[in-house]
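Chemist: This is the structure I want to talk about, given as C-alpha cells.
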Amino acid sequence: MGTSEGWPAPRPEGAVNGRVTVPGSKSISNRALILAAISDGPSTLSGLLAARDTSLMRSALVSLGVGITEKDGLVTVTPGSLKGPANVDCGLAGTVMRFVPPVAALADGVVSFDGDSYARERPMDVILGALRTLGVQIDDQGTGRMPYAVNGSGSVRGGKVTLDASGSSQFVSALLLAGARYDEGVDIRHDGKPVPSQPHLDMSVAMLRERGVQVDDSEPNRWVVAPGPLRAVDTAIEPDLSNAAPFLAAAVITGGSVTVTGWPTETTQPGAQLGDIFTRFGAEVSLDAQGLTVRGTGLVQGVDLDLSEVGELSPVIAAVAALADGPSYLRGIAHLRNHETDRLAALETEFNALGGDVNQTADGLEIRPKPLHGGLFGTYHDHRMAHAAAVLGLAVDGVEIENIATTAKTMPQFPDLWSALVG
Ligand SMILES: O=C(O)C1=C[C@@H](OP(=O)(O)O)[C@@H](O)[C@H](O)C1
Ligand SMILES: C=C(OP(=O)(O)O)C(=O)O
C-alpha cells in the first residue's frame with residue numbers, strides 16, 4: 001500500500017507482456033452522440049465510451065430534449081425538438097464546451113454553460129465569435145470564456161465565417177458537426193497559424209459524410225457544409241487509440257510485448273500514428289487480426305517529432321522520451337497550453353520535480369533523460385498527466401500519482417487495466 005497522498009504507480013520486475021482492450025474512443029463517441037441528436041431519426045450506438053466526458057455529453061443533450069436510453073450495452077439516441085431553458089455542465093471536456101453550443105443555438109430558449117474551474121480558462125472566444133457571425137445571440141459578459149449562455153431562437157442562419165482555429169481544431173469541428181442544420185449551412189475559412197489535430201478534423205468530415213452530409217474540404221483551410229438532411233446511422237465505436245498509448249509504451253520501456261485488441265485497420269483517430277511513433281523510439285510494431293502489437297527491443301532512443309497532428313498523445317510520448325537514452329524534441333504543440341491544463345508547463349514542472357531535465361520551448365518540449373527519483377506526481381485534473389506518470393513509474397521507484405481518479409475523464413478503468421497489465 002502506498003501513502004494516503006497518491007496512487008503508487010506499479011513498478012514491474014521485468015518485461016511487461018500482455019493484451020489490453022481499451023474502451024471506446026472519446027472523440028468518436030461524442031461526435032456520434034451529437035450527430036445522432038440532430039439526425040433524421042433514432043440511431044443506436046454500440047461500444048460507446050462510458051466515462052466522464054461522454055456522460056457530460058449525454059446529460060447536455062438530454063437537457064436539450066434529446067431522448068437517450070440504454071439497454072444491454074446499446075445506447076439509442078432519439079432526436080427531439082431542442083428546447084431551453086437548460087443548464088449544461090461541461091466539466092473539463094473540450095468536446096462538450098465546444099461542440100454543444102452550436103447545437104444549443106438550434107434550440108428554442110436559453111441554454112447556459114458552465115464547468116470545472118479550469119474549464120473557465122480554456123479558450124472559447126473563437127467559437128462564440130463565430131456563432132455570433134452566423135446569427136446566434138450569445139451572452140458571455142464580454143469574457144470570451146465560460147460561463148456563457150446561448151439564446152437560441154429555434155433556427156440558425158449560418159453562412160460564411162472566418163476564424164482562427166490555431167488554438168484548437170475543436171473550433172472548426174464544432175461548426176462542422178452542426179452546420180448541416182443551419183439554414184444556409186456553413187462555409188468556414190481558417191485564417192492564422194496552422195490548425196492542429198488534422199485527424200480530428202478528418203474524423204468530423206468522415207462522420208458527416210457517413211450520414212449523407214455534403215462536405216467540401218478540397219481547399220486548404222476551408223470547409224463548406226451544405227444544408228440538408230442528416231441520416232441516422234447505427235454506429236459501432238472504435239476503441240480509443242490515444243488511450244492505448246500508455247499500455248503500448250509499457251512494452252517499449254520494459255522490453256516486453258503488448259497487444260491492444262480491436263485495432264482498426266482504417267481509422268481517422270490520431271492514435272493510428274502510435275505505431276510509427278514507437279518505431280521511431282526503437283520498438284517493433286505489427287498489426288494483425290489480434291490487434292496492434294508493440295515489442296520493446298531494449299533500445300529506447302531519443303526522437304525529434306512534430307506532434308501537431310497528434311497533440312493529445314504528447315504526455316505519454318514525453319514520458320517515454322524522459323526514459324530514453326538520448327535527448328528528444330517534441331514540436332508543434334503550443335496549443336497544448338489550452339488543454340485540460342497547460343500541459344507544457346505541467347510536464348516540465350512534474351518531470352523536473354522527479355529530477356528530470358525538461359524545458360518548454362515556444363512550441364513544445366526539450367527532454368534530456370536523467371536518472372529520476374520517486375515522488376508525488378501532480379496531475380492537474382488531466383487524465384493524460386496521470387498516464388504519463390504511470391509510464392514513468394514503470395522504470396522509477398516510488399512514483400505516486402496524485403488524484404488517479406482524474407483518469408475517469410476518458411477511461412475510468414485505467415487504474416485496474418494498468419495494474420492488471422503491469423502490476
Ligand atoms: O475533436 C476532438 O475530439 C479532439 C481534438 C483535439 O483538440 P485540439 O485540436 O484542441 O488539440 C484533441 O486534442 C482532443 O483531445 C479531442
Ligand atoms: C485535449 C484533450 O481533451 P478535450 O477533449 O477536453 O480537449 C485530451 O483528451 O487530450
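By convention in this document, the chains of the C-alpha cells carry letters A, B, ... by their order, each chain's residues are numbered from 1, and ligands are numbered from 1 in the order they are shown.
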Hey, what's within 8 Å of His381 of chain A if we count only C-alpha atoms and toss same-chain stuff fewer than 5 positions away? As a PDB file with N, CA and C atoms, in the first residue's frame, please?
Modeler:
```pdb
ATOM      1  N   GLU A 340      -6.444  20.313 -20.950  1.00  0.00           N
ATOM      2  CA  GLU A 340      -7.020  20.162 -19.614  1.00  0.00           C
ATOM      3  C   GLU A 340      -6.287  21.003 -18.584  1.00  0.00           C
ATOM      4  N   THR A 341      -4.994  21.204 -18.844  1.00  0.00           N
ATOM      5  CA  THR A 341      -4.172  22.146 -18.096  1.00  0.00           C
ATOM      6  C   THR A 341      -3.168  22.669 -19.106  1.00  0.00           C
ATOM      7  N   ASN A 403      -4.367  12.083  -7.370  1.00  0.00           N
ATOM      8  CA  ASN A 403      -5.708  12.059  -7.976  1.00  0.00           C
ATOM      9  C   ASN A 403      -5.792  11.162  -9.214  1.00  0.00           C
ATOM     10  N   THR A 406      -8.696  11.110 -11.744  1.00  0.00           N
ATOM     11  CA  THR A 406      -8.887  12.028 -12.868  1.00  0.00           C
ATOM     12  C   THR A 406      -8.894  11.283 -14.210  1.00  0.00           C
TER      13      THR A 406
END
```
Chemist: Which chains and residue numbers are within 7 Å of ligand 2, counting only C-alpha atoms and all ligand atoms, if I want them as JSON, numbers by chain?
Modeler: {"A": [92, 93, 94, 95, 312, 339, 340, 384]}
Chemist: Between atom CA of Glu309 of chain A and atom CA of Gly115 of chain A, what distance in Å does the model show, to one decimal?
Modeler: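 One can read the atom CA of Glu309 of chain A to atom CA of Gly115 of chain A distance as 26.6 Å.
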Chemist: Return as number ranges by chain the residues of protein, DNA or RNA that approach ligand 1 to within 8 Å, with only C-alpha atoms and all ligand atoms taken into account.
Modeler: A: 26-28, 30-31, 94-95, 167-170, 173, 195-198, 200-201, 203-204, 310-312, 335-336, 338-339
Chemist: Could you tell me, as a VMD selection string, which residues of segment 204-381 of chain A DSSP assigns to strand (DSSP E) when given the backbone?
Modeler: chain A and resid 215 to 216 222 to 225 235 to 236 257 to 260 284 to 288 291 to 295 304 to 306 328 to 331 357 to 361 364 to 368 375 to 377
Chemist: Write out as a VMD selection string which residues come within 12 Å of Ile404 of chain A when counting only C-alpha atoms, dropping same-chain ones fewer than 4 positions away.
Modeler: chain A and resid 5 to 9 376 to 390 400 408 to 409 411 to 416 418
Chemist: Looking at only C-alpha atoms, which of A:Ile333, A:Leu35, A:Ala104, A:Ala50 is the one that sits closest to Ser63 of chain A?
Modeler: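 Using only C-alpha atoms, Ser63 of chain A sits closest to A:Ala104.
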Chemist: Residues near Gly152 of chain A, anyone? I mean within 10 Å using only C-alpha atoms, not counting same-chain ones fewer than 6 positions away, as a ChimeraX atom specification.
Modeler: /A:82-85,101-111,135-138
Chemist: Write down as number ranges by chain the residues of segment 37-153 of chain A whose backbone DSSP state falls under alpha helix (DSSP H).
Modeler: A: 37, 52-63, 94-104, 125-133
Chemist: Let me make sure I understand: among A:Glu184, A:Glu350, A:Pro264, A:Ser25, which one has the smallest atom-to-atom distance to Glu402 of chain A if we use only C-alpha atoms?
Modeler: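 Looking at the shortest contact to Glu402 of chain A, the residue is A:Glu350.
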